[in-house]
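Raw model-v6.pdb, PDB, C-alpha atoms and all ligand atoms:
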```pdb
ATOM      1  CA  MET Y   1       7.625  22.966  23.902  1.00  0.00           C
ATOM      2  CA  HIS Y   2      10.156  21.696  21.432  1.00  0.00           C
ATOM      3  CA  LYS Y   3      10.215  22.880  17.872  1.00  0.00           C
ATOM      4  CA  PHE Y   4       9.523  19.871  15.725  1.00  0.00           C
ATOM      5  CA  SER Y   5      11.487  19.428  12.543  1.00  0.00           C
ATOM      6  CA  PRO Y   6       9.440  17.593   9.901  1.00  0.00           C
ATOM      7  CA  GLY Y   7      12.528  15.850   8.583  1.00  0.00           C
ATOM      8  CA  ARG Y   8      13.512  14.558  11.988  1.00  0.00           C
ATOM      9  CA  SER Y   9      10.026  13.411  12.934  1.00  0.00           C
ATOM     10  CA  LEU Y  10       9.746  11.585   9.618  1.00  0.00           C
ATOM     11  CA  ALA Y  11      13.021   9.787  10.213  1.00  0.00           C
ATOM     12  CA  ALA Y  12      11.878   8.876  13.714  1.00  0.00           C
ATOM     13  CA  ALA Y  13       8.556   7.596  12.387  1.00  0.00           C
ATOM     14  CA  LEU Y  14      10.297   5.430   9.830  1.00  0.00           C
ATOM     15  CA  LEU Y  15      12.604   4.019  12.478  1.00  0.00           C
ATOM     16  CA  LEU Y  16       9.656   3.255  14.741  1.00  0.00           C
ATOM     17  CA  ALA Y  17       7.693   1.704  11.889  1.00  0.00           C
ATOM     18  CA  GLY Y  18      10.611  -0.520  11.093  1.00  0.00           C
ATOM     19  CA  SER Y  19      11.120  -1.730  14.635  1.00  0.00           C
ATOM     20  CA  LEU Y  20       7.638  -1.810  16.129  1.00  0.00           C
ATOM     21  CA  HIS Y  21       5.425  -2.701  13.157  1.00  0.00           C
ATOM     22  CA  ALA Y  22       2.207  -1.156  14.502  1.00  0.00           C
ATOM     23  CA  VAL Y  23       2.897   2.509  15.109  1.00  0.00           C
ATOM     24  CA  VAL Y  24       0.230   3.711  12.723  1.00  0.00           C
ATOM     25  CA  GLU Y  25      -3.359   2.975  13.662  1.00  0.00           C
ATOM     26  CA  VAL Y  26      -4.661   1.068  10.679  1.00  0.00           C
ATOM     27  CA  GLN Y  27      -8.302   0.612   9.906  1.00  0.00           C
ATOM     28  CA  PRO Y  28      -9.553  -2.785   8.789  1.00  0.00           C
ATOM     29  CA  CYS Y  29      -9.800  -3.478   5.081  1.00  0.00           C
ATOM     30  CA  PRO Y  30     -12.870  -1.553   3.814  1.00  0.00           C
ATOM     31  CA  ILE Y  31     -13.856  -4.466   1.574  1.00  0.00           C
ATOM     32  CA  ASP Y  32     -13.730  -7.487   3.887  1.00  0.00           C
ATOM     33  CA  LYS Y  33     -12.969  -5.902   7.288  1.00  0.00           C
ATOM     34  CA  THR Y  34      -9.978  -8.113   7.927  1.00  0.00           C
ATOM     35  CA  THR Y  35      -6.887  -6.823   9.688  1.00  0.00           C
ATOM     36  CA  MET Y  36      -4.338  -4.999   7.591  1.00  0.00           C
ATOM     37  CA  THR Y  37      -0.661  -5.416   8.299  1.00  0.00           C
ATOM     38  CA  ALA Y  38       2.334  -3.471   7.070  1.00  0.00           C
ATOM     39  CA  THR Y  39       4.416  -5.220   4.460  1.00  0.00           C
ATOM     40  CA  GLY Y  40       7.433  -3.051   5.198  1.00  0.00           C
ATOM     41  CA  ASN Y  41       7.390  -1.398   1.768  1.00  0.00           C
ATOM     42  CA  THR Y  42       7.303   2.385   1.638  1.00  0.00           C
ATOM     43  CA  ARG Y  43       7.364   4.947  -1.127  1.00  0.00           C
ATOM     44  CA  GLN Y  44       7.464   8.701  -1.491  1.00  0.00           C
ATOM     45  CA  GLU Y  45       4.637  10.461  -3.276  1.00  0.00           C
ATOM     46  CA  ALA Y  46       3.990  14.202  -3.433  1.00  0.00           C
ATOM     47  CA  GLY Y  47       6.249  14.760  -0.455  1.00  0.00           C
ATOM     48  CA  LYS Y  48       4.483  12.179   1.705  1.00  0.00           C
ATOM     49  CA  THR Y  49       5.643   8.805   2.871  1.00  0.00           C
ATOM     50  CA  LEU Y  50       3.252   6.007   2.029  1.00  0.00           C
ATOM     51  CA  ALA Y  51       3.453   2.603   3.661  1.00  0.00           C
ATOM     52  CA  GLU Y  52       2.117  -0.505   1.990  1.00  0.00           C
ATOM     53  CA  TYR Y  53      -0.490  -2.470   3.916  1.00  0.00           C
ATOM     54  CA  LYS Y  54      -2.105  -5.731   2.986  1.00  0.00           C
ATOM     55  CA  CYS Y  55      -5.265  -7.296   4.383  1.00  0.00           C
ATOM     56  CA  GLU Y  56      -5.721 -10.998   5.087  1.00  0.00           C
ATOM     57  CA  LYS Y  57      -7.424 -11.442   1.714  1.00  0.00           C
ATOM     58  CA  GLY Y  58      -4.608  -9.783  -0.158  1.00  0.00           C
ATOM     59  CA  HIS Y  59      -5.992  -6.322  -0.906  1.00  0.00           C
ATOM     60  CA  VAL Y  60      -3.146  -3.826  -0.943  1.00  0.00           C
ATOM     61  CA  TYR Y  61      -3.396  -0.218   0.244  1.00  0.00           C
ATOM     62  CA  TRP Y  62      -0.883   2.592   0.434  1.00  0.00           C
ATOM     63  CA  ILE Y  63      -1.454   4.633   3.562  1.00  0.00           C
ATOM     64  CA  ALA Y  64       0.194   7.975   4.337  1.00  0.00           C
ATOM     65  CA  VAL Y  65       2.221   7.571   7.502  1.00  0.00           C
ATOM     66  CA  ASP Y  66       3.338  11.131   8.101  1.00  0.00           C
TER      67      ASP Y  66
HETATM   68 ZN    ZN V   1      -9.382  -6.908   1.915  1.00  0.00          ZN
END
```
Can you turn what I pasted into structure tokens?
Amino acid sequence: MHKFSPGRSLAAALLLAGSLHAVVEVQPCPIDKTTMTATGNTRQEAGKTLAEYKCEKGHVYWIAVD
């Protein structure tokens, strides 16, 4: 078993998110059930990385990706 460094796994997750687009399993929009897609925007909040997702109707959600 490898010891997993949180910093390194976060960097890897961000790299994957940037190149693959659908690393995180995203639930459909709770309001209209349409598919949500990542906009590519991220932000840090309380030590977590949040990624911005938008549904087909334009509802925006920030989902923790780590
Ligand atoms: Zn929606």
Can you list, as a PyMOL selection string, every protein, DNA or RNA residue that comes within 8 Å of Gln27 of chain Y when you count only C-alpha atoms, leaving out same-chain residues fewer than 3 positions away? chain Y and resi 30+35-36
Could you write out as a PDB file with C-alpha atoms, keeping the file's coordinate frame the residues that the PyMOL selection byres (((not hetatm)) within 7 of (chain V and resi 1)) matches in the shown file?
```pdb
ATOM      1  CA  CYS Y  29      -9.800  -3.478   5.081  1.00  0.00           C
ATOM      2  CA  PRO Y  30     -12.870  -1.553   3.814  1.00  0.00           C
ATOM      3  CA  ILE Y  31     -13.856  -4.466   1.574  1.00  0.00           C
ATOM      4  CA  ASP Y  32     -13.730  -7.487   3.887  1.00  0.00           C
ATOM      5  CA  LYS Y  33     -12.969  -5.902   7.288  1.00  0.00           C
ATOM      6  CA  THR Y  34      -9.978  -8.113   7.927  1.00  0.00           C
ATOM      7  CA  CYS Y  55      -5.265  -7.296   4.383  1.00  0.00           C
ATOM      8  CA  GLU Y  56      -5.721 -10.998   5.087  1.00  0.00           C
ATOM      9  CA  LYS Y  57      -7.424 -11.442   1.714  1.00  0.00           C
ATOM     10  CA  GLY Y  58      -4.608  -9.783  -0.158  1.00  0.00           C
ATOM     11  CA  HIS Y  59      -5.992  -6.322  -0.906  1.00  0.00           C
TER      12      HIS Y  59
END
```
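Computed from the coordinates, the atom CA of Gln44 of chain Y to atom CA of Ile63 of chain Y distance equals 11.0 Å.
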For atom CA of Pro28 of chain Y and atom CA of Gly47 of chain Y, the interatomic separation in Å (one decimal):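 Separation between atom CA of Pro28 of chain Y and atom CA of Gly47 of chain Y: 25.4 Å.
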How many Å separate atom CA of Tyr61 of chain Y from atom CA of Ala38 of chain Y?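 Between atom CA of Tyr61 of chain Y and atom CA of Ala38 of chain Y the gap is 9.5 Å.
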Would you translate the PyMOL selection byres (((chain Y and resi 50) around 9) and not hetatm) into the concrete set of residues it matches in this file, as a short mmCIF file (atom, residue, chain, number, x, y, z; two decimals) with C-alpha atoms, in the coordinates of the input?
```
data_model
loop_
_atom_site.label_atom_id
_atom_site.label_comp_id
_atom_site.auth_asym_id
_atom_site.auth_seq_id
_atom_site.Cartn_x
_atom_site.Cartn_y
_atom_site.Cartn_z
CA ASN Y 41 7.39 -1.40 1.77
CA THR Y 42 7.30 2.38 1.64
CA ARG Y 43 7.36 4.95 -1.13
CA GLN Y 44 7.46 8.70 -1.49
CA GLU Y 45 4.64 10.46 -3.28
CA LYS Y 48 4.48 12.18 1.70
CA THR Y 49 5.64 8.80 2.87
CA ALA Y 51 3.45 2.60 3.66
CA GLU Y 52 2.12 -0.50 1.99
CA TRP Y 62 -0.88 2.59 0.43
CA ILE Y 63 -1.45 4.63 3.56
CA ALA Y 64 0.19 7.98 4.34
CA VAL Y 65 2.22 7.57 7.50
CA ASP Y 66 3.34 11.13 8.10
#
```
